[in-house]
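Pasted below: run29.csv, CSV, C-alpha atoms and all ligand atoms.
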```csv
chain,number,residue,atom,x,y,z
V,26,MET,CA,90.9,127.1,86.2
V,27,ARG,CA,91.0,125.0,89.3
V,28,PRO,CA,94.1,123.0,90.0
V,29,SER,CA,94.2,119.3,89.4
V,30,VAL,CA,95.5,117.0,92.2
V,31,ARG,CA,99.0,115.7,92.1
V,32,PRO,CA,99.3,113.4,89.1
V,33,ASP,CA,100.7,110.6,91.2
V,34,LEU,CA,97.6,110.7,93.4
V,35,ALA,CA,95.0,110.8,90.6
V,36,ARG,CA,95.3,107.0,90.2
V,37,LEU,CA,94.8,106.3,93.9
V,38,SER,CA,91.5,105.7,95.6
V,39,GLY,CA,90.9,105.9,99.3
V,40,TYR,CA,91.0,102.8,101.6
V,41,HIS,CA,87.5,101.9,102.6
V,42,SER,CA,85.6,98.9,104.0
V,43,ALA,CA,82.0,98.6,102.8
V,44,GLN,CA,79.7,99.8,105.6
V,45,VAL,CA,76.3,98.0,105.3
V,46,ASP,CA,73.6,98.2,107.9
V,47,VAL,CA,73.6,94.7,109.4
V,48,GLU,CA,73.1,93.1,112.8
V,49,VAL,CA,76.4,91.2,112.9
V,50,ARG,CA,79.5,93.3,111.9
V,51,LEU,CA,82.5,91.1,111.5
V,52,ASN,CA,84.4,93.1,108.8
V,53,THR,CA,86.9,95.5,110.4
V,54,ASN,CA,88.7,93.4,113.1
V,55,GLU,CA,87.5,95.6,116.0
V,56,SER,CA,87.0,94.1,119.4
V,57,PRO,CA,83.4,93.0,119.9
V,58,TYR,CA,83.6,94.1,123.6
V,59,GLY,CA,83.4,97.7,124.7
V,60,PRO,CA,86.2,99.0,126.9
V,61,PRO,CA,86.0,98.1,130.7
V,62,GLY,CA,83.4,100.1,132.7
V,63,ALA,CA,86.0,101.2,135.2
V,64,TRP,CA,88.1,102.7,132.5
V,65,ARG,CA,85.2,104.7,131.2
V,66,THR,CA,84.5,106.2,134.7
V,67,GLU,CA,88.2,107.0,135.2
V,68,VAL,CA,88.5,108.7,131.8
V,69,ALA,CA,85.4,110.8,132.4
V,70,ALA,CA,86.8,111.9,135.8
V,71,ALA,CA,90.2,112.7,134.4
V,72,VAL,CA,88.8,114.6,131.4
V,73,ALA,CA,86.7,116.7,133.8
V,74,GLY,CA,89.9,117.8,135.5
V,75,LEU,CA,91.8,118.7,132.3
V,76,ASP,CA,92.7,122.3,131.5
V,77,LEU,CA,91.3,122.1,128.0
V,78,ASN,CA,92.0,125.8,127.3
V,79,ARG,CA,95.7,124.9,127.3
V,80,TYR,CA,97.5,123.0,124.6
V,81,PRO,CA,98.2,119.4,125.6
V,82,ASP,CA,101.7,118.1,126.7
V,83,ARG,CA,103.4,118.1,123.3
V,84,GLU,CA,105.6,115.2,124.3
V,85,ALA,CA,102.8,113.1,125.7
V,86,ARG,CA,105.2,112.2,128.4
V,87,ALA,CA,103.0,110.3,130.8
V,88,LEU,CA,101.4,108.2,128.1
V,89,ARG,CA,104.8,107.4,126.5
V,90,GLU,CA,106.2,106.5,129.9
V,91,ALA,CA,103.3,104.1,130.6
V,92,ILE,CA,103.8,102.4,127.2
V,93,ALA,CA,107.6,102.2,127.8
V,94,ARG,CA,107.0,100.5,131.1
V,95,LEU,CA,104.6,98.1,129.5
V,96,HIS,CA,107.2,97.0,127.0
V,97,GLY,CA,110.4,97.3,129.1
V,98,VAL,CA,111.9,100.1,126.9
V,99,SER,CA,112.9,103.7,127.5
V,100,VAL,CA,110.5,106.6,126.9
V,101,GLU,CA,112.8,107.8,124.1
V,102,GLN,CA,111.9,104.7,122.2
V,103,VAL,CA,108.2,105.4,122.0
V,104,PHE,CA,106.3,107.6,119.5
V,105,CYS,CA,102.5,108.0,119.7
V,106,ALA,CA,100.1,109.2,117.0
V,107,ASN,CA,96.4,109.2,116.1
V,108,GLY,CA,96.1,105.5,115.3
V,109,SER,CA,98.9,103.3,114.0
V,110,ASN,CA,98.1,104.4,110.5
V,111,GLU,CA,99.3,107.9,111.5
V,112,VAL,CA,102.4,106.3,113.0
V,113,LEU,CA,103.0,104.6,109.6
V,114,GLN,CA,102.4,107.9,107.8
V,115,SER,CA,104.9,109.8,110.1
V,116,LEU,CA,107.5,107.1,109.4
V,117,LEU,CA,107.1,107.5,105.7
V,118,LEU,CA,107.0,111.4,105.9
V,119,ALA,CA,110.4,111.1,107.7
V,120,TYR,CA,112.0,108.3,105.7
V,121,GLY,CA,110.1,108.1,102.4
V,122,GLY,CA,109.5,110.6,99.6
V,123,PRO,CA,110.6,110.9,96.0
V,124,GLY,CA,113.5,108.8,94.9
V,125,ARG,CA,113.0,106.4,97.9
V,126,SER,CA,111.1,103.2,98.1
V,127,VAL,CA,109.5,100.7,100.6
V,128,ALA,CA,109.1,96.9,100.2
V,129,VAL,CA,105.9,95.0,100.9
V,130,PHE,CA,105.1,91.3,100.4
V,131,GLU,CA,101.6,90.6,99.2
V,132,PRO,CA,99.1,89.6,100.2
V,133,THR,CA,99.4,92.0,103.1
V,134,TYR,CA,97.9,95.1,104.7
V,135,GLN,CA,97.2,97.4,101.8
V,136,LEU,CA,97.7,100.6,103.8
V,137,HIS,CA,101.5,100.1,103.8
V,138,ALA,CA,101.7,100.6,100.1
V,139,HIS,CA,98.9,103.1,100.0
V,140,ILE,CA,100.5,105.5,102.6
V,141,ALA,CA,103.8,105.1,100.8
V,142,ARG,CA,102.3,106.2,97.5
V,143,VAL,CA,100.5,109.2,99.2
V,144,THR,CA,103.9,110.3,100.6
V,145,GLY,CA,105.4,110.1,97.1
V,146,THR,CA,107.4,107.0,98.0
V,147,GLY,CA,108.0,104.2,95.5
V,148,VAL,CA,106.7,100.7,96.3
V,149,ALA,CA,108.5,97.4,95.5
V,150,VAL,CA,106.1,94.5,95.7
V,151,GLY,CA,107.2,91.0,96.5
V,152,ARG,CA,105.0,87.9,96.5
V,153,ARG,CA,104.3,85.4,99.2
V,154,THR,CA,103.9,81.6,98.6
V,155,ASP,CA,100.5,80.1,97.9
V,156,ASP,CA,100.2,79.6,101.7
V,157,HIS,CA,101.0,83.3,102.3
V,158,ALA,CA,104.4,82.5,103.8
V,159,LEU,CA,107.4,84.7,103.1
V,160,ASP,CA,109.8,83.1,100.6
V,161,LEU,CA,113.3,84.3,101.8
V,162,GLY,CA,114.7,83.9,98.3
V,163,GLU,CA,112.1,86.3,97.0
V,164,VAL,CA,112.7,88.6,99.9
V,165,ALA,CA,116.4,88.7,99.2
V,166,GLN,CA,115.8,89.4,95.5
V,167,VAL,CA,113.3,92.2,96.1
V,168,LEU,CA,115.4,93.9,98.8
V,169,ALA,CA,118.6,93.7,96.7
V,170,HIS,CA,116.9,95.1,93.7
V,171,ALA,CA,114.9,97.9,95.3
V,172,GLU,CA,117.2,98.8,98.3
V,173,PRO,CA,114.1,100.0,100.2
V,174,VAL,CA,114.4,102.5,103.0
V,175,VAL,CA,111.7,100.7,104.8
V,176,THR,CA,110.8,97.0,104.6
V,177,PHE,CA,107.3,96.2,105.9
V,178,LEU,CA,106.2,93.1,107.6
V,179,CYS,CA,102.8,92.6,109.1
V,180,SER,CA,102.7,90.0,111.8
V,181,PRO,CA,100.1,88.5,112.4
V,182,ASN,CA,99.5,89.4,108.8
V,183,ASN,CA,96.2,91.2,107.9
V,184,PRO,CA,94.2,89.6,106.1
V,185,THR,CA,95.8,86.1,106.2
V,186,GLY,CA,96.2,85.8,110.0
V,187,ARG,CA,99.7,84.3,109.6
V,188,ALA,CA,102.3,85.3,112.1
V,189,GLU,CA,106.0,85.3,111.1
V,190,PRO,CA,108.1,83.0,113.2
V,191,PRO,CA,111.0,84.8,114.9
V,192,ASP,CA,113.7,83.1,112.8
V,193,VAL,CA,112.0,84.5,109.6
V,194,VAL,CA,111.8,88.0,111.1
V,195,ASP,CA,115.5,87.7,112.0
V,196,ALA,CA,116.3,86.6,108.5
V,197,VAL,CA,114.5,89.5,106.9
V,198,ALA,CA,116.2,91.9,109.4
V,199,ALA,CA,119.6,90.6,108.2
V,200,LEU,CA,118.7,91.2,104.6
V,201,ALA,CA,116.9,94.6,104.9
V,202,PRO,CA,119.1,97.6,104.0
V,203,GLY,CA,117.1,100.2,105.9
V,204,LEU,CA,114.4,100.1,108.6
V,205,LEU,CA,112.4,96.9,109.3
V,206,VAL,CA,108.9,98.0,110.3
V,207,VAL,CA,106.9,95.2,111.8
V,208,ASP,CA,103.2,96.1,112.1
V,209,GLU,CA,101.9,94.2,115.1
V,210,ALA,CA,98.3,95.6,115.2
V,211,TYR,CA,97.3,92.0,116.2
V,212,GLY,CA,100.4,91.3,118.2
V,213,GLN,CA,98.6,90.4,121.5
V,214,PHE,CA,96.9,87.5,119.8
V,215,ALA,CA,100.2,85.9,118.6
V,216,ARG,CA,102.8,83.8,120.3
V,217,SER,CA,105.8,85.9,119.4
V,218,SER,CA,106.7,89.6,118.9
V,219,ALA,CA,109.5,91.5,117.3
V,220,LEU,CA,109.6,93.7,120.4
V,221,GLU,CA,112.4,91.4,121.6
V,222,ARG,CA,114.4,92.6,118.6
V,223,VAL,CA,113.9,96.2,119.6
V,224,ARG,CA,114.9,95.5,123.2
V,225,HIS,CA,118.1,93.7,122.1
V,226,GLU,CA,119.2,95.5,119.0
V,227,ASP,CA,121.7,93.7,116.7
V,228,PRO,CA,123.9,96.5,115.2
V,229,GLU,CA,124.6,94.2,112.2
V,230,ASP,CA,120.9,94.1,111.3
V,231,ALA,CA,118.3,96.6,110.0
V,232,ALA,CA,116.9,98.7,112.9
V,233,THR,CA,113.6,97.1,113.9
V,234,VAL,CA,110.5,99.3,114.6
V,235,VAL,CA,107.4,97.7,116.0
V,236,VAL,CA,104.0,99.4,115.4
V,237,ARG,CA,101.1,98.7,117.7
V,238,THR,CA,97.6,100.1,118.1
V,239,PHE,CA,94.9,100.5,120.8
V,240,SER,CA,92.2,99.9,118.1
V,241,LYS,CA,92.0,96.1,118.2
V,242,THR,CA,92.8,94.4,121.5
V,243,TRP,CA,92.3,97.5,123.6
V,244,SER,CA,88.7,97.9,122.4
V,245,MET,CA,89.5,101.6,121.5
V,246,ALA,CA,89.2,101.9,117.8
V,247,GLY,CA,87.1,105.0,118.3
V,248,VAL,CA,89.8,106.8,120.3
V,249,ARG,CA,92.4,106.7,117.5
V,250,LEU,CA,95.7,105.9,119.2
V,251,GLY,CA,98.7,103.9,118.0
V,252,TYR,CA,102.4,103.9,118.7
V,253,LEU,CA,105.8,102.6,117.6
V,254,VAL,CA,108.6,101.2,119.7
V,255,GLY,CA,112.0,101.6,118.0
V,256,PRO,CA,115.4,103.3,118.2
V,257,PRO,CA,115.4,106.8,119.7
V,258,GLU,CA,116.6,108.4,116.4
V,259,VAL,CA,113.5,107.0,114.6
V,260,VAL,CA,111.3,108.5,117.4
V,261,GLU,CA,113.0,111.9,116.9
V,262,ALA,CA,112.5,111.7,113.1
V,263,CYS,CA,108.8,111.1,113.6
V,264,GLU,CA,108.5,113.9,116.1
V,265,ALA,CA,110.1,116.2,113.6
V,266,VAL,CA,107.5,115.6,110.9
V,267,VAL,CA,104.3,115.4,113.0
V,268,LEU,CA,102.1,118.4,113.4
V,269,PRO,CA,102.5,120.4,116.7
V,270,TYR,CA,100.2,119.1,119.5
V,271,HIS,CA,98.9,116.3,117.2
V,272,LEU,CA,98.0,114.2,120.2
V,273,ASP,CA,95.1,115.8,122.1
V,274,ALA,CA,94.9,115.8,125.9
V,275,VAL,CA,91.8,113.6,126.1
V,276,LYS,CA,93.4,110.9,124.1
V,277,GLN,CA,96.6,111.0,126.1
V,278,VAL,CA,94.6,110.5,129.3
V,279,ALA,CA,92.5,107.7,127.7
V,280,GLY,CA,95.5,105.8,126.6
V,281,ARG,CA,97.4,106.1,129.8
V,282,LEU,CA,94.5,105.0,131.9
V,283,ALA,CA,93.9,102.0,129.6
V,284,LEU,CA,97.2,100.6,130.5
V,285,ASP,CA,95.9,100.2,134.1
V,286,HIS,CA,93.7,97.5,132.7
V,287,VAL,CA,96.1,95.1,131.1
V,288,GLU,CA,94.5,92.1,132.8
V,289,GLU,CA,91.0,92.8,131.4
V,290,MET,CA,92.6,93.2,128.0
V,291,GLU,CA,94.3,89.8,128.3
V,292,GLU,CA,91.1,88.1,129.4
V,293,ARG,CA,89.4,89.4,126.3
V,294,VAL,CA,92.3,88.2,124.1
V,295,SER,CA,91.9,84.7,125.6
V,296,LEU,CA,88.2,84.7,125.0
V,297,LEU,CA,88.7,85.7,121.4
V,298,VAL,CA,91.5,83.1,120.9
V,299,GLU,CA,89.2,80.4,122.2
V,300,GLU,CA,86.4,81.5,119.8
V,301,ARG,CA,88.9,81.7,116.9
V,302,GLY,CA,89.7,78.0,117.6
V,303,ARG,CA,86.0,77.2,117.6
V,304,ILE,CA,85.3,79.0,114.3
V,305,ALA,CA,88.4,77.3,112.7
V,306,ASP,CA,87.1,73.9,113.8
V,307,VAL,CA,83.7,74.5,112.2
V,308,LEU,CA,85.2,76.0,109.0
V,309,GLY,CA,87.4,72.8,108.8
V,310,GLY,CA,84.2,70.8,108.3
V,311,LEU,CA,82.7,73.1,105.6
V,312,PRO,CA,83.6,73.3,101.9
V,313,VAL,CA,86.0,76.2,102.3
V,314,ASP,CA,89.8,76.5,102.4
V,315,THR,CA,91.1,78.1,105.5
V,316,TRP,CA,94.5,79.1,106.9
V,317,PRO,CA,95.8,79.0,110.5
V,318,SER,CA,95.4,82.4,112.2
V,319,GLU,CA,97.2,84.0,115.1
V,320,ALA,CA,95.0,87.1,115.0
V,321,ASN,CA,91.3,87.9,115.8
V,322,PHE,CA,90.1,87.1,112.3
V,323,LEU,CA,90.2,84.1,109.9
V,324,LEU,CA,90.6,84.1,106.1
V,325,PHE,CA,88.6,81.5,104.2
V,326,ARG,CA,87.8,80.7,100.6
V,327,PRO,CA,84.6,79.0,99.6
V,328,ARG,CA,85.3,76.1,97.3
V,329,GLY,CA,83.5,76.1,94.0
V,330,ARG,CA,81.5,79.3,94.8
V,331,SER,CA,82.1,82.9,94.1
V,332,ALA,CA,83.2,85.0,97.1
V,333,ALA,CA,80.9,87.8,96.0
V,334,VAL,CA,77.9,85.5,96.0
V,335,VAL,CA,78.7,84.1,99.5
V,336,TRP,CA,79.4,87.7,100.8
V,337,GLN,CA,76.0,88.8,99.6
V,338,GLY,CA,74.4,85.7,101.0
V,339,LEU,CA,75.8,86.5,104.4
V,340,VAL,CA,74.7,90.2,104.1
V,341,ASP,CA,71.2,88.9,103.2
V,342,ARG,CA,71.4,87.0,106.6
V,343,SER,CA,72.5,90.3,108.3
V,344,VAL,CA,76.2,89.2,108.7
V,345,LEU,CA,78.9,91.4,107.3
V,346,VAL,CA,82.4,90.1,106.6
V,347,ARG,CA,85.3,91.5,104.5
V,348,ASP,CA,85.4,90.7,100.8
V,349,CYS,CA,89.2,90.4,100.1
V,350,SER,CA,88.7,88.7,96.8
V,351,THR,CA,90.0,91.6,94.7
V,352,TRP,CA,93.1,92.0,96.8
V,353,PRO,CA,96.4,90.8,95.2
V,354,GLY,CA,96.9,87.0,95.8
V,355,LEU,CA,93.5,86.5,97.5
V,356,SER,CA,91.1,85.7,94.8
V,357,GLY,CA,88.0,84.0,96.1
V,358,CYS,CA,88.8,84.9,99.8
V,359,LEU,CA,86.7,86.4,102.5
V,360,ARG,CA,87.8,87.5,106.0
V,361,VAL,CA,85.8,87.1,109.2
V,362,THR,CA,86.5,89.0,112.4
V,363,VAL,CA,86.1,86.9,115.6
V,364,GLY,CA,83.1,88.4,117.5
V,365,THR,CA,81.2,87.4,120.6
V,366,ARG,CA,80.1,83.8,120.9
V,367,GLU,CA,76.6,84.7,119.7
V,368,GLU,CA,77.9,86.7,116.7
V,369,ASN,CA,80.1,83.8,115.7
V,370,ASP,CA,77.2,81.4,115.9
V,371,ARG,CA,75.2,83.8,113.7
V,372,PHE,CA,78.1,83.9,111.2
V,373,LEU,CA,78.6,80.1,111.1
V,374,GLU,CA,74.8,79.4,110.7
V,375,ALA,CA,74.6,81.9,107.9
V,376,LEU,CA,77.7,80.6,106.2
V,377,GLU,CA,76.4,77.0,106.4
V,378,ALA,CA,73.2,78.1,104.8
V,379,CYS,CA,75.0,80.0,102.0
V,380,LEU,CA,77.1,76.9,101.2
V,381,ARG,CA,74.3,74.4,101.3
V,401,LIG,C1,93.7,97.7,112.0
V,401,LIG,C2,95.1,97.8,111.6
V,401,LIG,C3,95.8,98.9,111.9
V,401,LIG,C4,95.2,99.9,112.8
V,401,LIG,O1,95.1,101.1,112.5
V,401,LIG,P1,94.7,102.2,113.5
V,401,LIG,O2,95.0,103.4,112.7
V,401,LIG,O3,95.6,102.1,114.7
V,401,LIG,O4,93.3,102.0,113.8
V,401,LIG,C5,97.2,98.9,111.6
V,401,LIG,N1,97.8,97.9,110.9
V,401,LIG,C6,97.1,96.8,110.6
V,401,LIG,C7,97.7,95.7,109.9
V,401,LIG,C8,95.7,96.7,110.9
V,401,LIG,O5,95.0,95.7,110.5
```

The structure given in the file should be rewritten as structure tokens.
Ligand SMILES: *Cc1c(COP(=O)(O)O)cnc(C)c1O
Amino acid sequence: MRPSVRPDLARLSGYHSAQVDVEVRLNTNESPYGPPGAWRTEVAAAVAGLDLNRYPDREARALREAIARLHGVSVEQVFCANGSNEVLQSLLLAYGGPGRSVAVFEPTYQLHAHIARVTGTGVAVGRRTDDHALDLGEVAQVLAHAEPVVTFLCSPNNPTGRAEPPDVVDAVAALAPGLLVVDEAYGQFARSSALERVRHEDPEDAATVVVRTFSKTWSMAGVRLGYLVGPPEVVEACEAVVLPYHLDAVKQVAGRLALDHVEEMEERVSLLVEERGRIADVLGGLPVDTWPSEANFLLFRPRGRSAAVVWQGLVDRSVLVRDCSTWPGLSGCLRVTVGTREENDRFLEALEACLR
């Protein structure tokens, strides 16, 4: 007889975004722009000179040094992995497991709870307000009850777009009994960052860990590279659970060279922020509810119409957005990624037609 999978995994399904063949793909929060041309050339040249018969630098020293310089921290405070999702998984392999739990506040990024469950870690779920804000009373209650080893925040929050103000992050850090992990996959689009908390640790508070990715602002989703910035002992714990040589030599070079192009990345961020404002203005005049976003996407809820019907109407016009309507606390909601100006126009025209 063949073995069955772990009973606690049998209930889980994988995390997927519908992939439909359309002209305008605004469903996975990627950058609409390819990486800079100069970076491509530099990577090709650097890869040509690599000794690919040898294992890569296990410590990914050069890459971690470049990231440390970017954020004004020491190299011992940086851990890299194959996408920030692998960073999150490493954190939970090190700190989670049976008998331990994490706390999440929904609606939020579903992978935090999913990766926790895959690693056998319990999940305590708190709710946000109707406006998707954190309710500190609720946070205090959930944390006191569950005593989680990791408290997750996502700021700006996927899929709502809301960024947590620094005083709210400070308040959660003061309440959290273990690690406070702030997922800043969209951090470059926001006005504030919890990196400040990592640079100036308060020994009274939970240790803060900031997780970032090259997938979104760096236009490198295909490269699979993410990292955390946190206390050195957290970095050591992650290094202890990760597979040997998990970060290949090509990726190490690609990530390090990307950091020579900070200005181009920032220009792209400004363009997308401008376009985000333009989309928000148009949505404001349509029969939809929307929420302020500090990320490269916007959440909206068609009034008096089913999200599924509007989603299909958009697909029929060759525009793909994310249907979040079955996610906890988001009934009726869709999420659109900010694309190029032309893509955004296509989306707005299609949406107006669907709502007419
Ligand atoms: C997209 C996203 C990530 C990125 O994951 P990668 O594995 O780095 O591609 C992480 N966290 C959040 C909240 C995201 O939306």

Straight-line distance linking atom CA of V:Cys358 with atom CA of V:Trp243, stated in Å to one decimal: 27.2 Å

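Across V:Leu220, V:Cys379, V:Ala201, V:Leu116, the tightest approach to V:Arg330 is made by V:Cys379 when counting all atoms listed in the file.
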
Using all atoms listed in the file, I'd like a table of the residues in chain V that come within 7 Å of ligand LIG 401 (chain V); for each, show the closest atom pair and its distance in Å rounded to one decimal, ordered by chain and ascending number, as a Markdown table.
```
| residue | atom | partner | partner_atom | distance |
| --- | --- | --- | --- | --- |
| V:Asn54 | CA | V:LIG401 | C1 | 6.7 |
| V:Asn107 | CA | V:LIG401 | O2 | 6.9 |
| V:Gly108 | CA | V:LIG401 | O3 | 3.5 |
| V:Ser109 | CA | V:LIG401 | O3 | 3.6 |
| V:Asn110 | CA | V:LIG401 | O2 | 3.9 |
| V:Glu111 | CA | V:LIG401 | O2 | 6.3 |
| V:Tyr134 | CA | V:LIG401 | C7 | 5.2 |
| V:Cys179 | CA | V:LIG401 | C7 | 6.0 |
| V:Asn182 | CA | V:LIG401 | C7 | 6.6 |
| V:Asn183 | CA | V:LIG401 | C7 | 5.1 |
| V:Asp208 | CA | V:LIG401 | N1 | 5.8 |
| V:Glu209 | CA | V:LIG401 | C7 | 6.9 |
| V:Ala210 | CA | V:LIG401 | N1 | 4.9 |
| V:Thr238 | CA | V:LIG401 | O3 | 4.4 |
| V:Phe239 | CA | V:LIG401 | O3 | 6.3 |
| V:Ser240 | CA | V:LIG401 | O4 | 4.9 |
| V:Lys241 | CA | V:LIG401 | C1 | 6.6 |
| V:Ala246 | CA | V:LIG401 | O4 | 5.7 |
| V:Arg249 | CA | V:LIG401 | O4 | 6.0 |
| V:Leu250 | CA | V:LIG401 | O3 | 5.9 |
| V:Gly251 | CA | V:LIG401 | O3 | 4.9 |
```

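Those residues positioned at most 8 Å from (113.9, 99.6, 100.9) are Arg125, Ser126, Val127, Ala128, Ala149, Leu168, Ala171, Glu172, Pro173, Val174, Val175, Thr176, Ala201, Pro202, Gly203 and Leu204 of chain V, judged using all atoms listed in the file.
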
Output of the above residues as a PDB file, in the frame of the given file, restricted to C-alpha atoms:
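Printed below is selection_14.pdb as written:
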```pdb
ATOM      1  CA  ARG V 125     113.000 106.400  97.900  1.00  0.00           C
ATOM      2  CA  SER V 126     111.100 103.200  98.100  1.00  0.00           C
ATOM      3  CA  VAL V 127     109.500 100.700 100.600  1.00  0.00           C
ATOM      4  CA  ALA V 128     109.100  96.900 100.200  1.00  0.00           C
ATOM      5  CA  ALA V 149     108.500  97.400  95.500  1.00  0.00           C
ATOM      6  CA  LEU V 168     115.400  93.900  98.800  1.00  0.00           C
ATOM      7  CA  ALA V 171     114.900  97.900  95.300  1.00  0.00           C
ATOM      8  CA  GLU V 172     117.200  98.800  98.300  1.00  0.00           C
ATOM      9  CA  PRO V 173     114.100 100.000 100.200  1.00  0.00           C
ATOM     10  CA  VAL V 174     114.400 102.500 103.000  1.00  0.00           C
ATOM     11  CA  VAL V 175     111.700 100.700 104.800  1.00  0.00           C
ATOM     12  CA  THR V 176     110.800  97.000 104.600  1.00  0.00           C
ATOM     13  CA  ALA V 201     116.900  94.600 104.900  1.00  0.00           C
ATOM     14  CA  PRO V 202     119.100  97.600 104.000  1.00  0.00           C
ATOM     15  CA  GLY V 203     117.100 100.200 105.900  1.00  0.00           C
ATOM     16  CA  LEU V 204     114.400 100.100 108.600  1.00  0.00           C
TER      17      LEU V 204
END
```

Residues near V:Arg142, cut-off 10 Å, all atoms listed in the file, skip fewer than 2 positions along chain, as JSON, numbers by chain: {"V": [33, 34, 37, 117, 121, 122, 123, 126, 127, 136, 137, 138, 139, 140, 144, 145, 146, 147, 148]}
